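Trainee: Just dropping this structure here.
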Amino acid sequence: TIENAICMHEEDDSILWKHFDFREGTAETRRSRKLVISFIATVANYEYAFYWHLFLDGSIEFLVKATGILSTAAQYPGEKSPYGQALNNDGLYGPIHQHMFNVRLDFEVDGPKNAVYEVDMEIPEDNPTHTAFKAVDRLLETEQAAIRKADSSKHRFWKIANRDSRNVVDEPVAYRLIPTNAITLAAGDDSYVSQRAQFARNNLWVTAYDRTQRFAAGEFPNQSTGKHDGLHVWTQADRNIVDEDLVVWYTFGMHHVVRLEDWPIMPRQNIGFMLEPHGFFNQNPTLNLPSNDTTPTTNTTQCCTGN
């Protein structure tokens with residue numbers, strides 16, 4: 001038995017890049033591999049499997065794989081509550097609930113001084129063909145200005161940049177946070193859970209680094225009133241976060257609308273986010289990967305059928 005263990009291993013990850021040149025009749029393909037760093041925590045009736053995936057192109061994926069046993073409740077036989085899913089006809093149902101996570105990302109993108117930009121896709125007014133659109137960067141200058149929500153209608157992401165370190169086209173090297181599973185807390189502001197976990201009201205927070213500020217809801221959330229600790233308290237100082245040692249906090253999760261298929265044990269549900277290099281490299285960093293192809297470099301695409 002190995003207690004408190006962390007698993008580390010590599011996995012094949014399908015195609016990394018591929019192109020068939022129809023003029024030359026040649027093809028090049030490289031396969032991806034990922035380093036997997038994971039552990040599993042049992043929290044009462046649930047298991048949360050935490051997976052970091054480190055890819056060859058510099059991308060980083062974080063996944064929480066939720067599984068385990070539903071927390072159930074009783075209702076009158078034959079009744080169907082709007083707040084949950086009936087699991088049988090004898091009065092057992094699974095309430096709708098939420099799984100909320102917050103990650104503390106202490107960035108050091110090519111050095112200790114970083115800045116955060118919010119990037120939205122915008123359609124310009126001067127647009128004769130009505131098909132032009134562009135990415136617009138907005139610098140988040142203070143902690144209060146950096147309390148943000150995701151917006152999929154604008155294809156929003158956040159870019160963490162080092163403005164003192166430049167790439168080949170004289171732009172700041174950066175990584176971008178792609179906010180998948182970007183939900184916020186479904187609870188009224190006056191509820192106990194919302195008061196204690198105010199971080200879950202927003203998706204993005206950015207703070208100046210403080211080694212004592214470790215957890216988004218503070219050190220003791222179960223005993224907290226929400227008035228003295230946590231992100232919503234620390235950011236009241238509204239400190240400068242431009243070209244500073246900063247911490248990015250990202251809130252994500254899932255509203256678990258229970259299914260019959262989740263009973264009696266829930267199949268794994270994946271939630272998470274991606275970190276991708278954005279101008280951090282001057283070109284594709286995996287161009288020098290060796291080819292494993294032992295066949296002639298011709299188009300060998302086939303359609304396969306079987307009985």
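Residues in the structure tokens are numbered from 1 in each chain, the chains being A, B, ... in the order shown, and ligands are numbered from 1 in the order shown.
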Name the residues of range 129-267 of chain A that fall into strand (DSSP E or B) according to DSSP on the backbone, using the chain letters and numbers of this document, as a ChimeraX atom specification.

Mentor: /A:134-140,142,148,157-166,172-178,204-208,240,244,246-256,266-267

Trainee: Restricting the calculation to only C-alpha atoms: of A:Ala161, A:Ala182, A:Leu177, A:Val169, which residue gets closest to Val242 in chain A?

Mentor: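 Nearest candidate to Val242 in chain A out of A:Ala161, A:Ala182, A:Leu177, A:Val169: A:Ala161.
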
Trainee: Near Ile271 in chain A, within 7 Å and counting only C-alpha atoms, which residues show up once chain neighbours fewer than 3 positions away are dropped, as a PyMOL selection string?

Mentor: chain A and resi 63-65+181+253

Trainee: Would you kindly return, as a VMD selection string, each protein, DNA or RNA residue with an atom no farther than 12 Å from any atom of Leu35 in chain A, considering only C-alpha atoms and excluding same-chain residues fewer than 3 positions away?

Mentor: chain A and resid 7 to 13 32 38 51 to 62

Trainee: Just to be explicit: take each residue in the selection above, keep N, CA and C atoms, and write the result as a tab-separated table (two decimals), in the first residue's frame.

Mentor:
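The result, stored in out.tsv:
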```
chain	number	residue	atom	x	y	z
A	7	CYS	N	0.39	9.71	-8.95
A	7	CYS	CA	0.71	8.86	-10.10
A	7	CYS	C	1.31	9.72	-11.21
A	8	MET	N	2.39	9.24	-11.82
A	8	MET	CA	3.01	9.92	-12.95
A	8	MET	C	3.31	8.89	-14.03
A	9	HIS	N	2.82	9.13	-15.23
A	9	HIS	CA	3.09	8.21	-16.33
A	9	HIS	C	2.87	8.94	-17.65
A	10	GLU	N	3.31	8.33	-18.75
A	10	GLU	CA	3.10	8.88	-20.07
A	10	GLU	C	2.03	8.08	-20.81
A	11	GLU	N	1.33	8.77	-21.71
A	11	GLU	CA	0.33	8.12	-22.55
A	11	GLU	C	0.46	8.61	-23.98
A	12	ASP	N	0.16	7.73	-24.92
A	12	ASP	CA	0.00	8.16	-26.31
A	12	ASP	C	-1.23	9.05	-26.40
A	13	ASP	N	-1.18	10.05	-27.29
A	13	ASP	CA	-2.27	11.02	-27.36
A	13	ASP	C	-2.69	11.32	-28.80
A	32	SER	N	1.32	12.59	-30.72
A	32	SER	CA	1.45	13.31	-29.46
A	32	SER	C	1.61	12.32	-28.31
A	38	SER	N	-1.42	12.67	-11.59
A	38	SER	CA	-2.79	12.54	-11.09
A	38	SER	C	-2.83	12.01	-9.67
A	51	TYR	N	-6.36	15.37	-12.65
A	51	TYR	CA	-5.40	15.01	-13.69
A	51	TYR	C	-4.79	16.27	-14.32
A	52	TRP	N	-3.46	16.36	-14.25
A	52	TRP	CA	-2.72	17.34	-15.04
A	52	TRP	C	-2.14	16.62	-16.25
A	53	HIS	N	-2.37	17.17	-17.44
A	53	HIS	CA	-1.82	16.62	-18.68
A	53	HIS	C	-0.85	17.63	-19.27
A	54	LEU	N	0.41	17.24	-19.44
A	54	LEU	CA	1.43	18.10	-20.03
A	54	LEU	C	1.77	17.57	-21.41
A	55	PHE	N	1.50	18.40	-22.43
A	55	PHE	CA	1.65	17.97	-23.82
A	55	PHE	C	2.98	18.45	-24.41
A	56	LEU	N	3.36	17.83	-25.52
A	56	LEU	CA	4.65	18.13	-26.14
A	56	LEU	C	4.72	19.54	-26.72
A	57	ASP	N	3.59	20.14	-27.06
A	57	ASP	CA	3.59	21.48	-27.65
A	57	ASP	C	3.55	22.58	-26.60
A	58	GLY	N	3.68	22.21	-25.33
A	58	GLY	CA	3.67	23.20	-24.26
A	58	GLY	C	2.30	23.44	-23.66
A	59	SER	N	1.26	22.85	-24.22
A	59	SER	CA	-0.09	23.00	-23.65
A	59	SER	C	-0.22	22.19	-22.36
A	60	ILE	N	-1.09	22.67	-21.48
A	60	ILE	CA	-1.35	22.01	-20.20
A	60	ILE	C	-2.86	21.93	-20.03
A	61	GLU	N	-3.33	20.73	-19.74
A	61	GLU	CA	-4.76	20.52	-19.49
A	61	GLU	C	-4.95	20.08	-18.05
A	62	PHE	N	-5.98	20.62	-17.41
A	62	PHE	CA	-6.35	20.16	-16.07
A	62	PHE	C	-7.77	19.60	-16.13
```

Trainee: Give me, please, the distance in Å between CA of Thr235 in chain A and CA of Ile147 in chain A, quoted to one decimal.

Mentor: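 Between CA of Thr235 in chain A and CA of Ile147 in chain A the gap works out to 8.7 Å.
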
Trainee: Residues at most 12 Å from Asp210 in chain A, counting only C-alpha atoms, excluding those fewer than 6 positions away in the same chain, as a PDB file with C-alpha atoms, in the first residue's frame?

Mentor:
```pdb
ATOM      1  CA  ARG A 104      -4.755  28.893  -7.711  1.00  0.00           C
ATOM      2  CA  ASP A 106       0.930  31.090  -9.509  1.00  0.00           C
ATOM      3  CA  LEU A 231     -10.762  36.310  -2.542  1.00  0.00           C
ATOM      4  CA  TRP A 234      -8.334  40.253  -0.343  1.00  0.00           C
ATOM      5  CA  THR A 235      -9.270  42.008  -3.592  1.00  0.00           C
ATOM      6  CA  ARG A 239      -3.729  46.265  -5.648  1.00  0.00           C
ATOM      7  CA  GLU A 244       3.776  42.225 -10.862  1.00  0.00           C
ATOM      8  CA  ASP A 245       4.232  38.845  -9.226  1.00  0.00           C
ATOM      9  CA  LEU A 246       0.618  37.775  -9.496  1.00  0.00           C
ATOM     10  CA  VAL A 247      -1.716  34.835  -8.946  1.00  0.00           C
ATOM     11  CA  VAL A 248      -4.582  33.882 -11.262  1.00  0.00           C
TER      12      VAL A 248
END
```

Trainee: Residues of range 144-223 of chain A that approach range 87-102 of chain A to 9 Å or less, counting only C-alpha atoms: could you list each one with the shortest pair of atoms and its distance in Å to one decimal, rows by chain and increasing residue number, as CSV?

Mentor:
```
residue,atom,partner,partner_atom,distance
A:Ile183,CA,A:Met100,CA,8.2
A:Thr184,CA,A:Met100,CA,8.0
A:Leu185,CA,A:Met100,CA,7.5
A:Ala186,CA,A:Gln98,CA,7.9
A:Phe199,CA,A:Asn102,CA,7.8
A:Ala200,CA,A:Met100,CA,7.1
A:Asn203,CA,A:Asn102,CA,8.6
A:Phe215,CA,A:Asn102,CA,8.5
A:Ala216,CA,A:Asn102,CA,6.8
```

Trainee: Print the selection's residues with N, CA and C atoms to a file, as a compact mmCIF listing (two decimals), in the first residue's frame.

Mentor:
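In the end it all went to result.txt:
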```txt
# COMPACT_ATOMS: atom_id res chain seq x y z
N ILE A 183 -18.75 27.72 -15.11
CA ILE A 183 -20.03 28.02 -14.47
C ILE A 183 -19.80 28.88 -13.23
N THR A 184 -20.86 29.49 -12.75
CA THR A 184 -20.82 30.20 -11.48
C THR A 184 -21.89 29.61 -10.56
N LEU A 185 -21.81 29.98 -9.30
CA LEU A 185 -22.66 29.38 -8.27
C LEU A 185 -24.13 29.70 -8.50
N ALA A 186 -24.96 28.67 -8.46
CA ALA A 186 -26.41 28.85 -8.56
C ALA A 186 -26.99 28.92 -7.16
N PHE A 199 -15.95 33.29 -4.03
CA PHE A 199 -15.13 33.09 -5.23
C PHE A 199 -15.94 32.49 -6.36
N ALA A 200 -16.98 31.70 -6.02
CA ALA A 200 -17.75 30.98 -7.03
C ALA A 200 -18.77 31.88 -7.74
N ASN A 203 -15.71 33.83 -12.44
CA ASN A 203 -14.82 32.82 -13.00
C ASN A 203 -13.35 33.19 -12.85
N PHE A 215 -6.14 29.79 -0.26
CA PHE A 215 -7.39 29.14 -0.64
C PHE A 215 -8.45 30.19 -0.96
N ALA A 216 -9.18 29.96 -2.06
CA ALA A 216 -10.11 30.97 -2.58
C ALA A 216 -11.18 31.36 -1.57
```

Trainee: Give me the residues within 8 Å of range 120-128 of chain A as a PyMOL selection string, counting only C-alpha atoms and dropping any in the same chain fewer than 2 places off.

Mentor: chain A and resi 118+130-137+154-157

Trainee: Looking only at the backbone, which of the residues in range 98-294 of chain A does DSSP tag as alpha helix (DSSP H), as a list of chain:residue names?

Mentor: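 Selecting the alpha helix (DSSP H) positions of range 98-294 of chain A gives A:Tyr192, A:Val193, A:Ser194, A:Gln195, A:Arg196, A:Leu231, A:His232, A:Val233, A:Trp234.
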
Trainee: Find, counting only C-alpha atoms, the residue in A:Met274, A:Glu3, A:Asp21, A:Leu289 that gets nearest to Arg33 in chain A.

Mentor: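 Looking only at the distances to Arg33 in chain A, the closest residue turns out to be A:Leu289.
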
Trainee: Set the distance at 10 Å and use only C-alpha atoms: which residues neighbour Leu70 in chain A once local chain neighbours fewer than 2 positions away are removed? I'd like the list as an NGL selection string.

Mentor: :A and (45-46 or 67-68 or 72-73 or 93-95 or 258 or 262-266)

Trainee: Which of these residues is nearest to Thr286 in chain A, using only C-alpha atoms: A:Thr251, A:Thr29, A:Thr225, A:Asn4?

Mentor: A:Thr29

Trainee: So, counting only C-alpha atoms, which residue among A:Val36, A:Leu204, A:Val43, A:Val168 is closest to Leu105 in chain A?

Mentor: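 Going through A:Val36, A:Leu204, A:Val43, A:Val168 one by one, the smallest distance to Leu105 in chain A is for A:Leu204.
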